[in-house]
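Visitor: Can you keep this structure in mind? I'll have questions shortly.
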Amino acid sequence: MTHVGALRVGLVGGGPWARRVHGPAVAAHPGTELTALWTRRPEVADEMSGVLGGRAVGSFEELLDAVDAVAFAVPPQVQAGLAVRAARAGRHLICEKPLAADLDGARAVARAAVGVTTALVLTLRYDPEISAWLSGVPGGAGPDSVGAVRWLSGSLLGGPYAASTWRAERGALLDLGPHVVDLLDAALGPVTGVDWAHHDEPDLWRFALRHAGGAHSTATISLRLPVDPSEIELTAFGGVGRHRLSGRAADAPACYARLLDGFVDAVRGGPPVALDVARGLRLQEIVDEVGRAAG
């Protein structure tokens, strides 16, 4: 079913990411209207409503009744259950990564979301520099091609996300893992398995992936290194040529606005969103395999 007029979006969550990215982007986008906000603490929703617009509501059910789509900015263990309820109510979904706290939760979201439009917030894929880097890596990477992602951050040592309980408990693998697996998959071809994985305390993950055409890749990620700003580097070598991108984190609000462009278009009957919850499930399957390989 196509949708005419501004897409009514409800925002769930009141943390730093909701305030900095989701809320402002939805409120500013010409194709969306920030219609309703719901948070665990009503006073937070009231405060955000005063800044962003939209109506603070008292329950998730009330939010569902008022909107066409739901944007989630909550911990993965909370997102999974609420996203299933929203999809079953026929609401379109904008979900954060990881899709859920575990693989079963991610599978439940993917099953429930069949029939609605979904998008996964993989902000890096909407960054122009990263898009250009991916476009520069030729397709058909074979066994003579290798890739690597290095993402080192101190965001759990201080700053707005240091108090994030789920990030503190699950670390870089669950937070950054979906991003880096997605980038390596997009650059070198579908990931078919995990060659090896190591986890060193407090939060240093290193793992290697194999790809459908025979290429191999590695990732090194952490959220607990004294690095500010974050160090992010993407490389691809060998048969695909020599491609390197090093720099800063993406402009998340601008990337989210580009996500909304495609999401709104898909709801209105345009091309489907490629980075959807099915993509989120596949990324979570690989991240889960990495965790098991690291023991």
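By convention here, the chains of the structure tokens are called A, B, ... in the order presented, each chain's residues are numbered starting at 1, and ligands are numbered starting at 1 in the order presented.
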Skipping near chain neighbours, those fewer than 5 positions away, what residues fall within 10 Å of range 229-239 of chain A using only C-alpha atoms, listed as a PyMOL selection string?
Guide: chain A and resi 130+133-134+137-138+140-155+180+183-184+187-188+215-223+244-250
Visitor: Could you pull out the residues in range 81-152 of chain A that DSSP calls strand (DSSP E or B) from the backbone, as a list in words?
Guide: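 Listing strand (DSSP E or B) positions across range 81-152 of chain A yields His92, Leu93, Ile94, Cys95, Thr118, Ala119, Leu120, Ser145, Val146, Gly147, Ala148, Val149, Arg150, Trp151 and Leu152 of chain A.
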Visitor: For range 43-159 of chain A against range 11-34 of chain A, with a cut-off of 9 Å and counting only C-alpha atoms, what is the closest atom pair and its distance in Å to one decimal for every residue that makes the cut, ordered by chain and number, as a tab-separated table?
Guide:
residue	atom	partner	partner_atom	distance
A:Val44	CA	A:Gly14	CA	6.4
A:Ala45	CA	A:Gly14	CA	6.8
A:Met48	CA	A:Arg19	CA	7.5
A:Leu52	CA	A:Ala27	CA	6.5
A:Gly53	CA	A:Leu34	CA	6.8
A:Gly54	CA	A:Leu34	CA	5.3
A:Arg55	CA	A:Leu34	CA	8.3
A:Phe60	CA	A:Val12	CA	8.1
A:Leu63	CA	A:Leu11	CA	8.5
A:Val67	CA	A:Leu34	CA	9.0
A:Ala69	CA	A:Leu11	CA	8.9
A:Val70	CA	A:Leu11	CA	6.0
A:Ala71	CA	A:Leu11	CA	4.9
A:Phe72	CA	A:Val12	CA	5.0
A:Ala73	CA	A:Gly13	CA	4.9
A:Val74	CA	A:Gly13	CA	5.2
A:Pro75	CA	A:Gly13	CA	8.8
A:Gln79	CA	A:Val12	CA	9.0
Visitor: Pick the closest to Val84 in chain A from A:Pro128, A:Gly241, A:Gly105, A:Gly269: which is it, counting only C-alpha atoms?
Guide: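 So, comparing all the options, the nearest one is A:Gly105.
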Visitor: Using only C-alpha atoms, determine which residues lie at most 9 Å from Arg125 in chain A, disregarding the query and same-chain residues fewer than 6 positions distant; provide the list as a PyMOL selection string.
Guide: chain A and resi 131+179+182-183+255+275
Visitor: Please produce an output containing all heavy atoms for each residue in the selection, written as a PDB file, in the first residue's frame.
Guide:
ATOM      1  N   SER A 131      30.451   5.516   0.744  1.00  0.00           N
ATOM      2  CA  SER A 131      29.788   5.043  -0.475  1.00  0.00           C
ATOM      3  C   SER A 131      30.743   5.093  -1.661  1.00  0.00           C
ATOM      4  O   SER A 131      30.782   4.164  -2.484  1.00  0.00           O
ATOM      5  CB  SER A 131      28.549   5.885  -0.762  1.00  0.00           C
ATOM      6  OG  SER A 131      27.567   5.717   0.240  1.00  0.00           O
ATOM      7  N   HIS A 179      28.199  -3.006  11.886  1.00  0.00           N
ATOM      8  CA  HIS A 179      28.726  -2.027  10.930  1.00  0.00           C
ATOM      9  C   HIS A 179      29.879  -2.619  10.124  1.00  0.00           C
ATOM     10  O   HIS A 179      29.896  -2.539   8.889  1.00  0.00           O
ATOM     11  CB  HIS A 179      29.250  -0.789  11.664  1.00  0.00           C
ATOM     12  CG  HIS A 179      28.197   0.178  12.100  1.00  0.00           C
ATOM     13  ND1 HIS A 179      27.324   0.780  11.228  1.00  0.00           N
ATOM     14  CD2 HIS A 179      27.895   0.663  13.337  1.00  0.00           C
ATOM     15  CE1 HIS A 179      26.527   1.608  11.897  1.00  0.00           C
ATOM     16  NE2 HIS A 179      26.850   1.539  13.172  1.00  0.00           N
ATOM     17  N   ASP A 182      28.937  -5.512   7.816  1.00  0.00           N
ATOM     18  CA  ASP A 182      28.195  -4.993   6.669  1.00  0.00           C
ATOM     19  C   ASP A 182      29.134  -4.382   5.633  1.00  0.00           C
ATOM     20  O   ASP A 182      28.984  -4.606   4.426  1.00  0.00           O
ATOM     21  CB  ASP A 182      27.185  -3.949   7.151  1.00  0.00           C
ATOM     22  CG  ASP A 182      26.485  -3.242   6.008  1.00  0.00           C
ATOM     23  OD1 ASP A 182      25.730  -3.903   5.268  1.00  0.00           O
ATOM     24  OD2 ASP A 182      26.720  -2.031   5.837  1.00  0.00           O
ATOM     25  N   LEU A 183      30.118  -3.606   6.077  1.00  0.00           N
ATOM     26  CA  LEU A 183      31.039  -2.963   5.142  1.00  0.00           C
ATOM     27  C   LEU A 183      31.904  -3.977   4.417  1.00  0.00           C
ATOM     28  O   LEU A 183      32.122  -3.883   3.198  1.00  0.00           O
ATOM     29  CB  LEU A 183      31.914  -1.959   5.891  1.00  0.00           C
ATOM     30  CG  LEU A 183      31.202  -0.699   6.391  1.00  0.00           C
ATOM     31  CD1 LEU A 183      32.126   0.112   7.284  1.00  0.00           C
ATOM     32  CD2 LEU A 183      30.719   0.148   5.224  1.00  0.00           C
ATOM     33  N   CYS A 255      23.473  11.321   7.533  1.00  0.00           N
ATOM     34  CA  CYS A 255      23.286   9.957   7.026  1.00  0.00           C
ATOM     35  C   CYS A 255      21.863   9.478   7.283  1.00  0.00           C
ATOM     36  O   CYS A 255      21.243   8.829   6.431  1.00  0.00           O
ATOM     37  CB  CYS A 255      24.289   9.007   7.683  1.00  0.00           C
ATOM     38  SG  CYS A 255      26.004   9.306   7.196  1.00  0.00           S
ATOM     39  N   LEU A 275      18.914  -1.985   2.883  1.00  0.00           N
ATOM     40  CA  LEU A 275      19.433  -2.197   4.237  1.00  0.00           C
ATOM     41  C   LEU A 275      18.250  -2.257   5.194  1.00  0.00           C
ATOM     42  O   LEU A 275      17.934  -1.308   5.902  1.00  0.00           O
ATOM     43  CB  LEU A 275      20.395  -1.073   4.600  1.00  0.00           C
ATOM     44  CG  LEU A 275      21.596  -0.918   3.643  1.00  0.00           C
ATOM     45  CD1 LEU A 275      22.418   0.295   4.006  1.00  0.00           C
ATOM     46  CD2 LEU A 275      22.448  -2.177   3.634  1.00  0.00           C
TER      47      LEU A 275
END
Visitor: Quick one: pull the distance between CA of Thr35 in chain A and CA of Gln77 in chain A, Å, one decimal.
Guide: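 Value for the CA of Thr35 in chain A-CA of Gln77 in chain A distance: 24.5 Å.
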Visitor: Expressed in Å to a single decimal, how great is the separation between CA of Phe263 in chain A and CA of Ile94 in chain A?
Guide: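 For CA of Phe263 in chain A relative to CA of Ile94 in chain A, the distance reads 8.4 Å.
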